[in-house]
>>> print(open('protein34.cif').read())   # mmCIF, C-alpha atoms
data_protein
#
loop_
_atom_site.label_atom_id
_atom_site.label_comp_id
_atom_site.auth_asym_id
_atom_site.auth_seq_id
_atom_site.Cartn_x
_atom_site.Cartn_y
_atom_site.Cartn_z
CA MET A 4 6.17 0.77 23.41
CA HIS A 5 5.48 0.74 19.64
CA ARG A 6 4.91 4.50 19.67
CA HIS A 7 8.24 5.14 21.43
CA ALA A 8 10.04 2.65 19.20
CA ARG A 9 8.65 4.47 16.16
CA ARG A 10 9.87 7.83 17.45
CA VAL A 11 13.34 6.55 18.28
CA PHE A 12 13.75 4.46 15.12
CA GLY A 13 12.45 7.31 12.94
CA LEU A 14 14.94 9.75 14.43
CA CYS A 15 17.83 7.28 14.07
CA TYR A 16 16.86 6.37 10.52
CA ARG A 17 16.53 9.95 9.38
CA PHE A 18 19.80 10.91 11.01
CA THR A 19 21.91 7.99 9.81
CA GLY A 20 20.03 7.17 6.58
CA ASN A 21 20.65 3.47 7.16
CA SER A 22 18.01 1.01 8.34
CA HIS A 23 20.39 -1.49 9.99
CA GLU A 24 22.37 1.18 11.75
CA ALA A 25 19.11 2.77 12.93
CA GLU A 26 17.91 -0.58 14.26
CA ASP A 27 21.12 -1.15 16.25
CA LEU A 28 21.05 2.40 17.58
CA SER A 29 17.39 2.09 18.62
CA GLN A 30 18.23 -1.01 20.62
CA GLU A 31 21.12 0.81 22.22
CA VAL A 32 18.83 3.73 23.13
CA PHE A 33 16.27 1.52 24.85
CA LEU A 34 19.00 -0.39 26.66
CA LYS A 35 20.43 2.88 27.92
CA ILE A 36 17.00 4.15 28.95
CA TYR A 37 16.21 0.92 30.74
CA ARG A 38 19.42 1.21 32.74
CA SER A 39 18.98 4.87 33.58
CA LEU A 40 15.23 4.94 34.25
CA ALA A 41 16.03 5.94 37.82
CA SER A 42 17.61 9.19 36.63
CA TYR A 43 14.47 10.21 34.79
CA ARG A 44 12.57 13.08 36.42
CA SER A 45 8.99 13.37 35.22
CA ALA A 46 9.07 17.14 35.72
CA ALA A 47 11.86 17.67 33.19
CA GLY A 48 9.92 18.02 29.94
CA GLY A 49 8.05 14.72 29.84
CA PHE A 50 9.10 11.24 28.83
CA PRO A 51 9.04 11.74 25.02
CA THR A 52 11.40 14.72 25.26
CA TRP A 53 13.73 12.77 27.51
CA LEU A 54 13.61 9.82 25.12
CA THR A 55 14.42 12.10 22.18
CA SER A 56 17.21 13.70 24.14
CA VAL A 57 18.81 10.33 25.00
CA THR A 58 18.46 9.25 21.36
CA ARG A 59 20.00 12.46 20.12
CA ASN A 60 22.98 12.18 22.48
CA LEU A 61 23.57 8.63 21.35
CA LEU A 62 23.33 9.71 17.71
CA VAL A 63 25.93 12.41 18.27
CA ASP A 64 28.22 9.85 19.95
CA HIS A 65 27.64 7.48 17.09
CA TYR A 66 28.33 10.21 14.57
CA ARG A 67 31.67 11.05 16.19
CA ARG A 68 32.55 7.36 16.51
CA THR A 69 31.91 6.62 12.85
CA LYS A 70 33.22 9.85 11.38
CA ARG A 71 36.47 8.29 10.21
CA ASP A 72 34.68 5.29 8.62
CA ARG A 73 32.37 7.62 6.76
CA LEU A 74 35.21 9.65 5.31
CA THR A 75 36.65 6.49 3.79
CA ASP A 76 33.45 5.27 2.17
CA SER A 77 31.44 8.29 1.28
CA ILE A 78 30.09 6.71 -1.92
CA GLU A 79 27.38 5.01 0.10
CA ASP A 80 26.15 8.38 1.30
CA GLU A 81 25.51 9.39 -2.28
CA MET A 82 22.92 6.67 -2.75
CA PRO A 83 19.35 7.69 -2.04
CA ARG A 84 17.67 5.23 0.26
CA LEU A 85 14.20 4.07 -0.62
CA GLU A 86 13.79 1.12 1.66
CA GLU A 87 11.23 2.37 4.15
CA LYS A 88 7.70 1.04 4.02
CA HIS A 89 4.62 3.14 4.40
CA SER A 90 1.22 2.67 5.90
CA SER A 91 -0.93 0.31 3.83
CA THR A 92 -3.85 2.77 3.68
CA ARG A 93 -2.10 4.77 0.95
CA THR A 94 -2.59 3.97 -2.71
CA PRO A 95 0.31 2.23 -4.51
CA PHE A 96 0.86 5.32 -6.66
CA LYS A 97 1.08 7.55 -3.58
CA GLN A 98 3.36 5.00 -1.91
CA VAL A 99 5.79 5.03 -4.83
CA ALA A 100 5.75 8.84 -5.00
CA ASP A 101 6.24 9.01 -1.22
CA ALA A 102 9.12 6.55 -1.31
CA GLU A 103 10.83 8.60 -4.00
CA LEU A 104 10.33 11.85 -2.13
CA SER A 105 11.47 10.21 1.09
CA GLY A 106 14.66 9.03 -0.62
CA GLN A 107 15.39 12.49 -1.98
CA ILE A 108 14.80 14.14 1.39
CA GLN A 109 16.97 11.50 3.05
CA HIS A 110 19.71 12.22 0.54
CA ALA A 111 19.42 15.97 1.09
CA LEU A 112 19.50 15.49 4.88
CA SER A 113 22.69 13.45 4.62
CA ARG A 114 24.37 16.43 2.97
CA LEU A 115 23.55 18.79 5.85
CA SER A 116 25.95 19.24 8.75
CA PRO A 117 24.89 17.13 11.80
CA GLU A 118 23.85 20.25 13.79
CA LEU A 119 21.51 21.50 11.07
CA ARG A 120 20.34 17.97 10.23
CA GLU A 121 19.23 17.13 13.76
CA ALA A 122 17.45 20.47 14.15
CA VAL A 123 15.49 20.02 10.91
CA ILE A 124 14.65 16.37 11.66
CA LEU A 125 13.38 17.23 15.14
CA ARG A 126 11.30 20.16 13.89
CA ASP A 127 9.89 18.98 10.55
CA LEU A 128 10.02 15.19 10.65
CA GLN A 129 9.42 14.58 14.35
CA GLY A 130 7.19 17.62 14.83
CA LEU A 131 8.80 18.91 18.03
CA GLU A 132 8.16 22.47 19.28
CA TYR A 133 11.01 24.98 19.55
CA ASN A 134 11.17 24.76 23.34
CA GLU A 135 11.29 20.94 23.20
CA ILE A 136 14.15 21.05 20.70
CA GLN A 137 15.92 23.55 22.93
CA GLU A 138 15.65 21.06 25.78
CA VAL A 139 16.74 18.07 23.69
CA LEU A 140 19.76 19.83 22.20
CA SER A 141 20.59 21.79 25.38
CA VAL A 142 21.30 24.95 23.41
CA PRO A 143 19.82 28.47 23.70
CA GLU A 144 16.60 29.31 21.82
CA GLY A 145 18.39 31.64 19.41
CA THR A 146 20.68 28.80 18.34
CA VAL A 147 17.73 26.44 17.80
CA LYS A 148 15.99 29.04 15.64
CA SER A 149 19.02 29.80 13.56
CA ARG A 150 19.87 26.10 13.05
CA ILE A 151 16.33 25.25 11.95
CA ASN A 152 16.31 28.24 9.62
CA ARG A 153 19.70 27.58 8.05
CA GLY A 154 18.97 23.84 7.85
CA ARG A 155 15.69 24.40 6.02
CA ILE A 156 17.16 26.89 3.53
CA GLU A 157 20.11 24.62 2.77
CA LEU A 158 17.88 21.55 2.46
CA ALA A 159 15.51 23.38 0.08
CA ARG A 160 18.48 24.33 -2.11
CA ILE A 161 19.77 20.74 -2.17
CA LEU A 162 16.29 19.46 -3.03
CA GLU A 163 16.14 21.89 -5.92
CA GLN A 164 19.55 20.73 -7.12
CA LEU A 165 18.14 17.19 -7.05
CA GLY A 166 15.40 18.32 -9.40
CA LEU A 167 12.59 18.87 -6.88
CA ARG A 168 11.08 22.24 -7.74
CA PRO A 169 8.31 24.02 -5.86
CA ALA A 170 4.94 22.80 -7.17
CA MET B 29 10.51 50.09 8.84
CA ASN B 30 12.30 49.06 5.68
CA TRP B 31 12.45 45.27 5.40
CA THR B 32 15.52 43.80 3.68
CA CYS B 33 16.22 40.55 1.83
CA ALA B 34 18.67 39.54 4.59
CA GLN B 35 15.87 39.91 7.11
CA THR B 36 13.58 37.66 5.05
CA GLU B 37 16.25 34.96 5.05
CA GLU B 38 16.94 35.39 8.75
CA ARG B 39 13.31 35.35 9.87
CA LEU B 40 12.04 32.88 7.26
CA SER B 41 11.40 30.00 9.69
CA ASP B 42 9.64 32.32 12.14
CA TYR B 43 7.42 33.39 9.27
CA LEU B 44 6.72 29.80 8.12
CA ASP B 45 6.03 28.66 11.71
CA ASN B 46 3.74 31.64 12.40
CA ARG B 47 6.08 32.97 15.06
CA LEU B 48 6.51 36.41 13.53
CA ASP B 49 4.89 39.54 15.04
CA PRO B 50 1.93 40.86 13.01
CA ALA B 51 3.80 44.11 12.40
CA ASP B 52 6.79 42.21 11.00
CA VAL B 53 4.49 40.06 8.85
CA THR B 54 3.06 43.23 7.29
CA ASP B 55 6.57 44.61 6.62
CA LEU B 56 7.72 41.28 5.17
CA ASN B 57 4.67 40.98 2.92
CA ARG B 58 5.14 44.53 1.67
CA HIS B 59 8.79 43.78 0.81
CA VAL B 60 8.10 40.36 -0.73
CA ASP B 61 5.42 41.81 -3.02
CA GLY B 62 8.09 43.71 -4.88
CA CYS B 63 11.01 41.26 -4.51
CA ALA B 64 11.22 38.24 -6.83
CA ASP B 65 14.20 36.72 -4.94
CA CYS B 66 12.38 36.70 -1.60
CA THR B 67 9.18 35.33 -3.19
CA ARG B 68 11.20 32.51 -4.69
CA LEU B 69 13.03 31.78 -1.42
CA ILE B 70 9.79 31.61 0.59
CA GLU B 71 8.21 29.36 -2.01
CA GLN B 72 11.27 27.10 -2.16
CA VAL B 73 11.70 26.66 1.60
CA GLY B 74 7.93 26.54 2.26
CA THR B 75 7.56 23.68 -0.24
CA ALA B 76 10.52 21.80 1.27
CA VAL B 77 9.01 22.07 4.77
CA GLN B 78 5.60 20.97 3.48
CA ARG B 79 7.15 17.98 1.72
CA MET B 80 9.01 16.87 4.83
CA ARG B 81 5.85 17.13 6.91
CA SER B 82 3.87 15.15 4.35
CA LEU B 83 6.16 12.13 4.68
CA ALA B 84 4.70 9.10 6.42
CA PRO B 85 6.56 8.12 9.59
CA VAL B 86 9.26 5.53 9.07
CA GLU B 87 7.93 2.03 9.71
CA VAL B 88 9.63 0.20 12.57
CA PRO B 89 11.16 -3.19 11.56
CA PRO B 90 8.79 -5.91 12.83
CA LEU B 91 11.30 -7.65 15.10
CA LEU B 92 12.84 -4.52 16.61
CA VAL B 93 10.37 -4.21 19.49
CA ASN B 94 10.80 -7.88 20.38
CA SER B 95 14.57 -7.67 20.41
CA ILE B 96 14.42 -4.49 22.52
CA LEU B 97 12.16 -6.23 25.02
CA ASP B 98 14.46 -9.26 25.04
CA GLN B 99 17.47 -7.07 25.77
CA THR B 100 15.84 -4.94 28.47
CA ILE B 101 13.29 -6.89 30.49
CA GLY B 102 14.89 -10.19 29.37
CA PRO B 103 13.43 -12.97 27.24
CA ARG B 104 9.77 -13.53 27.97
CA PRO B 105 8.76 -16.95 29.34
CA ALA B 106 8.55 -19.49 26.53
CA LYS B 107 5.05 -20.47 25.60
CA THR B 108 4.07 -23.92 26.85
CA GLY B 109 1.49 -26.49 25.79
CA TRP B 110 -0.42 -25.97 22.55
CA ARG B 111 0.59 -22.30 22.51
CA GLY B 112 4.22 -23.42 22.24
CA TRP B 113 3.36 -25.45 19.13
CA PHE B 114 1.98 -22.37 17.42
CA ALA B 115 4.65 -19.91 18.64
CA TRP B 116 6.24 -19.87 15.17
CA ALA B 117 2.96 -18.56 13.76
CA ASP B 118 2.97 -15.37 15.84
CA PHE B 119 3.42 -13.31 12.69
CA ILE B 120 -0.09 -14.35 11.64
CA VAL B 121 -1.53 -12.17 14.39
CA GLN B 122 -0.88 -9.02 12.38
CA PRO B 123 -3.52 -6.81 10.80
CA LYS B 124 -2.07 -7.19 7.30
CA PHE B 125 -1.96 -10.98 7.44
CA ALA B 126 -5.37 -11.25 9.09
CA MET B 127 -6.89 -9.07 6.36
CA GLY B 128 -5.41 -11.31 3.64
CA ALA B 129 -6.62 -14.47 5.36
CA LEU B 130 -10.13 -13.03 5.75
CA THR B 131 -10.27 -12.08 2.06
CA CYS B 132 -9.19 -15.61 1.08
CA ALA B 133 -11.82 -17.18 3.35
CA VAL B 134 -14.62 -14.99 1.96
CA THR B 135 -13.55 -15.81 -1.62
CA LEU B 136 -13.56 -19.56 -0.88
CA ILE B 137 -17.01 -19.33 0.73
CA ILE B 138 -18.42 -17.46 -2.29
CA LEU B 139 -16.87 -20.02 -4.67
CA GLY B 140 -18.27 -22.82 -2.48
CA TYR B 141 -21.77 -21.40 -2.67
CA ALA B 142 -21.43 -20.96 -6.41
CA ALA B 143 -20.42 -24.63 -6.71
CA GLY B 144 -23.49 -25.67 -4.72
CA LEU B 145 -21.88 -26.25 -1.34
CA SER B 146 -23.79 -25.08 1.67
CA PRO B 147 -22.64 -25.41 5.28
CA SER B 148 -26.15 -26.47 6.37
CA LYS B 149 -26.16 -29.40 3.90
CA ILE B 150 -22.77 -30.74 4.93
CA LYS B 151 -22.92 -33.65 7.37
CA LYS B 152 -20.11 -34.83 9.61
CA GLY B 153 -19.61 -37.97 7.51
CA ASP B 154 -19.10 -35.89 4.37
CA LEU B 155 -15.86 -34.50 5.74
CA ALA B 156 -14.15 -37.94 5.89
CA PRO B 157 -11.33 -37.99 3.29
CA SER B 158 -12.71 -41.10 1.50
CA ASN B 159 -16.15 -39.48 1.18
CA VAL B 160 -14.67 -36.22 -0.04
CA TYR B 161 -12.70 -38.18 -2.65
CA ARG B 162 -15.75 -40.21 -3.66
CA ALA B 163 -17.92 -37.10 -3.97
CA ALA B 164 -15.29 -35.27 -6.01
CA ASN B 165 -14.80 -38.33 -8.25
CA ARG B 166 -18.57 -38.66 -8.75
CA GLN B 167 -18.91 -34.98 -9.52
CA ALA B 168 -16.08 -35.17 -12.05
CA HIS B 169 -17.63 -38.19 -13.81
CA LEU B 170 -21.07 -36.58 -13.81
CA THR B 171 -19.69 -33.39 -15.32
CA TYR B 172 -17.80 -35.39 -17.96
CA GLY B 173 -20.94 -37.44 -18.74
CA ARG B 174 -23.09 -34.33 -19.07
CA ALA B 175 -20.60 -32.65 -21.33
CA LEU B 176 -20.40 -35.78 -23.53
CA LYS B 177 -24.20 -36.02 -23.75
CA TYR B 178 -24.47 -32.34 -24.66
CA VAL B 179 -21.95 -32.71 -27.48
CA ASN B 180 -23.69 -35.84 -28.84
CA ASP B 181 -27.11 -34.17 -28.70
CA LEU B 182 -25.71 -31.21 -30.54
CA LYS B 183 -24.35 -33.57 -33.21
CA VAL B 184 -27.82 -35.13 -33.68
CA VAL B 185 -29.42 -31.71 -34.00
CA TYR B 186 -26.91 -30.65 -36.66
CA GLU B 187 -27.37 -33.94 -38.53
CA ILE B 188 -31.15 -33.40 -38.52
CA GLN B 189 -30.73 -29.84 -39.69
CA SER B 190 -28.47 -30.87 -42.55
CA LYS B 191 -30.95 -33.61 -43.57
CA LEU B 192 -33.88 -31.17 -43.57
CA ARG B 193 -32.21 -28.36 -45.44
CA PRO B 194 -32.24 -30.01 -48.94
CA GLU B 195 -36.08 -30.09 -48.74
CA GLU B 196 -36.09 -26.30 -48.88
CA SER B 197 -36.12 -25.66 -52.65
CA PRO B 198 -34.01 -22.73 -53.81
CA ALA B 199 -37.00 -21.26 -55.70
CA ARG B 200 -39.14 -21.15 -52.55
CA GLU B 201 -36.28 -19.61 -50.61
CA ARG B 202 -35.94 -16.83 -53.19
CA GLU B 203 -39.71 -16.30 -53.19
CA ARG B 204 -39.74 -15.87 -49.44
CA GLN B 205 -36.92 -13.34 -49.56
CA GLU B 206 -38.59 -11.24 -52.24
CA ALA B 207 -41.99 -11.22 -50.52
CA PRO B 208 -43.28 -7.70 -49.54
CA ALA B 209 -44.10 -6.78 -45.92
CA SER B 210 -47.92 -7.07 -46.39
CA PRO B 211 -48.87 -10.48 -47.79
CA THR B 212 -51.04 -10.59 -50.94
CA PRO B 213 -54.20 -12.76 -50.90
CA GLN B 214 -52.32 -15.39 -52.95
CA GLU B 215 -49.59 -15.56 -50.35
CA LYS B 216 -52.18 -15.69 -47.59
CA SER B 217 -53.52 -18.88 -49.08
CA GLN B 218 -49.97 -20.23 -49.27
CA GLN B 219 -49.49 -19.34 -45.63
CA ASP B 220 -52.69 -21.18 -44.82
CA SER B 221 -51.32 -24.26 -46.46
CA ARG B 222 -48.06 -24.08 -44.45
CA PRO B 223 -49.35 -25.82 -41.29
CA GLY B 224 -49.83 -28.86 -43.47
CA ARG B 225 -46.26 -28.64 -44.72
CA SER B 226 -44.82 -28.07 -41.27
CA SER B 227 -46.76 -31.01 -39.92
CA THR B 228 -45.17 -33.25 -42.61
CA LEU B 229 -41.81 -31.80 -41.57
CA ASP B 230 -42.54 -32.60 -37.94
CA ALA B 231 -43.52 -36.11 -38.92
CA ASN B 232 -40.27 -36.48 -40.89
CA LEU B 233 -38.27 -35.16 -37.98
CA TYR B 234 -40.05 -37.49 -35.54
CA ALA B 235 -39.43 -40.49 -37.79
CA TYR B 236 -35.76 -39.54 -38.12
CA ILE B 237 -35.25 -39.15 -34.39
CA VAL B 238 -36.95 -42.47 -33.65
CA THR B 239 -34.82 -44.35 -36.21
CA HIS B 240 -31.67 -42.59 -35.04
CA ALA B 241 -32.40 -43.34 -31.40
CA SER B 242 -33.13 -46.99 -32.15
CA VAL B 243 -29.89 -47.25 -34.14
CA ARG B 244 -28.02 -45.70 -31.23
CA SER B 245 -29.66 -48.01 -28.70
CA GLN B 246 -28.83 -51.05 -30.87
CA ARG B 247 -25.18 -49.96 -30.85
#
>>> encode(input="protein34.cif", output="structure tokens")
Amino acid sequence: MHRHARRVFGLCYRFTGNSHEAEDLSQEVFLKIYRSLASYRSAAGGFPTWLTSVTRNLLVDHYRRTKRDRLTDSIEDEMPRLEEKHSSTRTPFKQVADAELSGQIQHALSRLSPELREAVILRDLQGLEYNEIQEVLSVPEGTVKSRINRGRIELARILEQLGLRPA
Amino acid sequence: MNWTCAQTEERLSDYLDNRLDPADVTDLNRHVDGCADCTRLIEQVGTAVQRMRSLAPVEVPPLLVNSILDQTIGPRPAKTGWRGWFAWADFIVQPKFAMGALTCAVTLIILGYAAGLSPSKIKKGDLAPSNVYRAANRQAHLTYGRALKYVNDLKVVYEIQSKLRPEESPARERERQEAPASPTPQEKSQQDSRPGRSSTLDANLYAYIVTHASVRSQR
């Protein structure tokens, strides 16, 4: 349960960039899954892929729903978010550096279009394979590849604009 | 085949994810070797991907799982009996908190041992609040008494020292300082006579301490 919650919350948080919104969305995802467990077929890509797919669909709905609100208060999107906590095994110095990097990546992600953002999050933050992403997004493989590629290039450019240069 | 910059950009993710054919990799490498723009692009995007992958997973808020369970399978049965009394303390059963509590306990035990407490010496009666208070009170008074005695003894020693010092004549002091490392026969004889002098000193000291002690006891 914790593992699934982590996957869903992580995806929601990275997509929305807001901890409270991500928490509400995660609850919504699990509620939806609980109600539609009967429709789940174990053959279709495994439970994690299905879970990711449900989460992604909900995120897209949420994105469309809140589009108008976001246009009115876009200042909030400009703020890097540093509120996530990290595993306690890391040194404080590493934790601070990680939190800063995490905030910058979150900020860069928020400037990508939702299509590119979800592709990059699924590939590089959630570690999904190309075929799994193809299944989650229900788009052809060529589209997945091109979205990941364009998303990464754009994100790298934004990160460089933010002052993060290749080491 | 002639590889172009547009191709590098288009196939960049395939290259970074090791999904490029070996023949294409060779072509790409040959092109990149002579192209500063493509080298920079690969470095830039490669670093961005590496940075994203190095991020720790986002930590789930502690109460999220509980609220999800409450909303899906419904609220779990409330704890009854003594478990119900301690339901508020559920957060204690977390690795972070347990680690902190353990560290505190170990520190207290070490301090206890250093202060002379030993679990084997403690009897059941010692744990009664009145006994604990009495023992602490006694220990405090004893410590105060010892400290007072130490200070007074030190005073006596300094008084004795200041009384004895005038007996040391300045001439003798100078003589001792100027004396060479190997004593001359004359000095040897002086040294021989010293036990006599020190014994008179001891006698003086003894007499002083006895009078001082009797004065103190009369007070």
>>> atom_distance(input="protein34.cif", atom1="CA of Leu125 in chain A", atom2="CA of Asn94 in chain B")
25.8 Å
>>> interface_residues(input="protein34.cif", of="chain A", to="chain B", cutoff="6 Å", atoms="only C-alpha atoms", output="list in words")
Arg9, Gly13, Gln30, Leu34, Lys88, Asp127, Leu128, Asn152, Ile156, Ala159 and Pro169 of chain A
>>> write_last_selection(input="protein34.cif", atoms="C-alpha atoms", output="mmCIF file, in the coordinates of the input")
data_model
loop_
_atom_site.group_PDB
_atom_site.id
_atom_site.type_symbol
_atom_site.label_atom_id
_atom_site.label_comp_id
_atom_site.auth_asym_id
_atom_site.auth_seq_id
_atom_site.Cartn_x
_atom_site.Cartn_y
_atom_site.Cartn_z
ATOM 1 C CA ARG A 9 8.650 4.470 16.160
ATOM 2 C CA GLY A 13 12.450 7.310 12.940
ATOM 3 C CA GLN A 30 18.230 -1.010 20.620
ATOM 4 C CA LEU A 34 19.000 -0.390 26.660
ATOM 5 C CA LYS A 88 7.700 1.040 4.020
ATOM 6 C CA ASP A 127 9.890 18.980 10.550
ATOM 7 C CA LEU A 128 10.020 15.190 10.650
ATOM 8 C CA ASN A 152 16.310 28.240 9.620
ATOM 9 C CA ILE A 156 17.160 26.890 3.530
ATOM 10 C CA ALA A 159 15.510 23.380 0.080
ATOM 11 C CA PRO A 169 8.310 24.020 -5.860
#
>>> closest_residue(input="protein34.cif", among="A:Ala102, A:Val139, A:Ala122, A:Val11", to="Ser56 in chain A", atoms="all atoms listed in the file")
A:Val139
>>> resolve_selection(input="protein34.cif", expression="the PyMOL selection byres ((chain B and resi 30) around 9)", output="tab-separated table (two decimals) with C-alpha atoms, keeping the file's coordinate frame")
chain	number	residue	atom	x	y	z
B	29	MET	CA	10.51	50.09	8.84
B	31	TRP	CA	12.45	45.27	5.40
B	32	THR	CA	15.52	43.80	3.68
B	55	ASP	CA	6.57	44.61	6.62
B	59	HIS	CA	8.79	43.78	0.81
>>> atom_distance(input="protein34.cif", atom1="CA of Ala235 in chain B", atom2="CA of Lys177 in chain B")
21.2 Å
>>> atom_distance(input="protein34.cif", atom1="CA of Gln35 in chain B", atom2="CA of Gln109 in chain A")
28.7 Å
>>> residues_around(input="protein34.cif", residues="range 182-184 of chain B", least_positions_apart="2", cutoff="12 Å", atoms="all atoms listed in the file", output="MDAnalysis selection string")
chainID B and resid 175:180 186:191 233 236:241 244
>>> resolve_selection(input="protein34.cif", expression="the PyMOL selection byres ((chain A and resi 118) around 10)", output="ChimeraX atom specification")
/A:63,115-117,119-123,140,147,150-151,154
>>> write_last_selection(input="protein34.cif", atoms="C-alpha atoms", output="compact mmCIF listing (two decimals), in the coordinates of the input")
# COMPACT_ATOMS: atom_id res chain seq x y z
CA VAL A 63 25.93 12.41 18.27
CA LEU A 115 23.55 18.79 5.85
CA SER A 116 25.95 19.24 8.75
CA PRO A 117 24.89 17.13 11.80
CA LEU A 119 21.51 21.50 11.07
CA ARG A 120 20.34 17.97 10.23
CA GLU A 121 19.23 17.13 13.76
CA ALA A 122 17.45 20.47 14.15
CA VAL A 123 15.49 20.02 10.91
CA LEU A 140 19.76 19.83 22.20
CA VAL A 147 17.73 26.44 17.80
CA ARG A 150 19.87 26.10 13.05
CA ILE A 151 16.33 25.25 11.95
CA GLY A 154 18.97 23.84 7.85
>>> resolve_selection(input="protein34.cif", expression="the PyMOL selection byres ((chain A and resi 24) around 12)", output="number ranges by chain")
A: 12-23, 25-31, 62, 65-66, 69
>>> residues_around(input="protein34.cif", residues="Gly166 in chain A", least_positions_apart="5", cutoff="12 Å", atoms="all atoms listed in the file", output="list in words")
Leu104, Gln107, Ile108, Ala111, Ala159, Arg160 and Ile161 of chain A
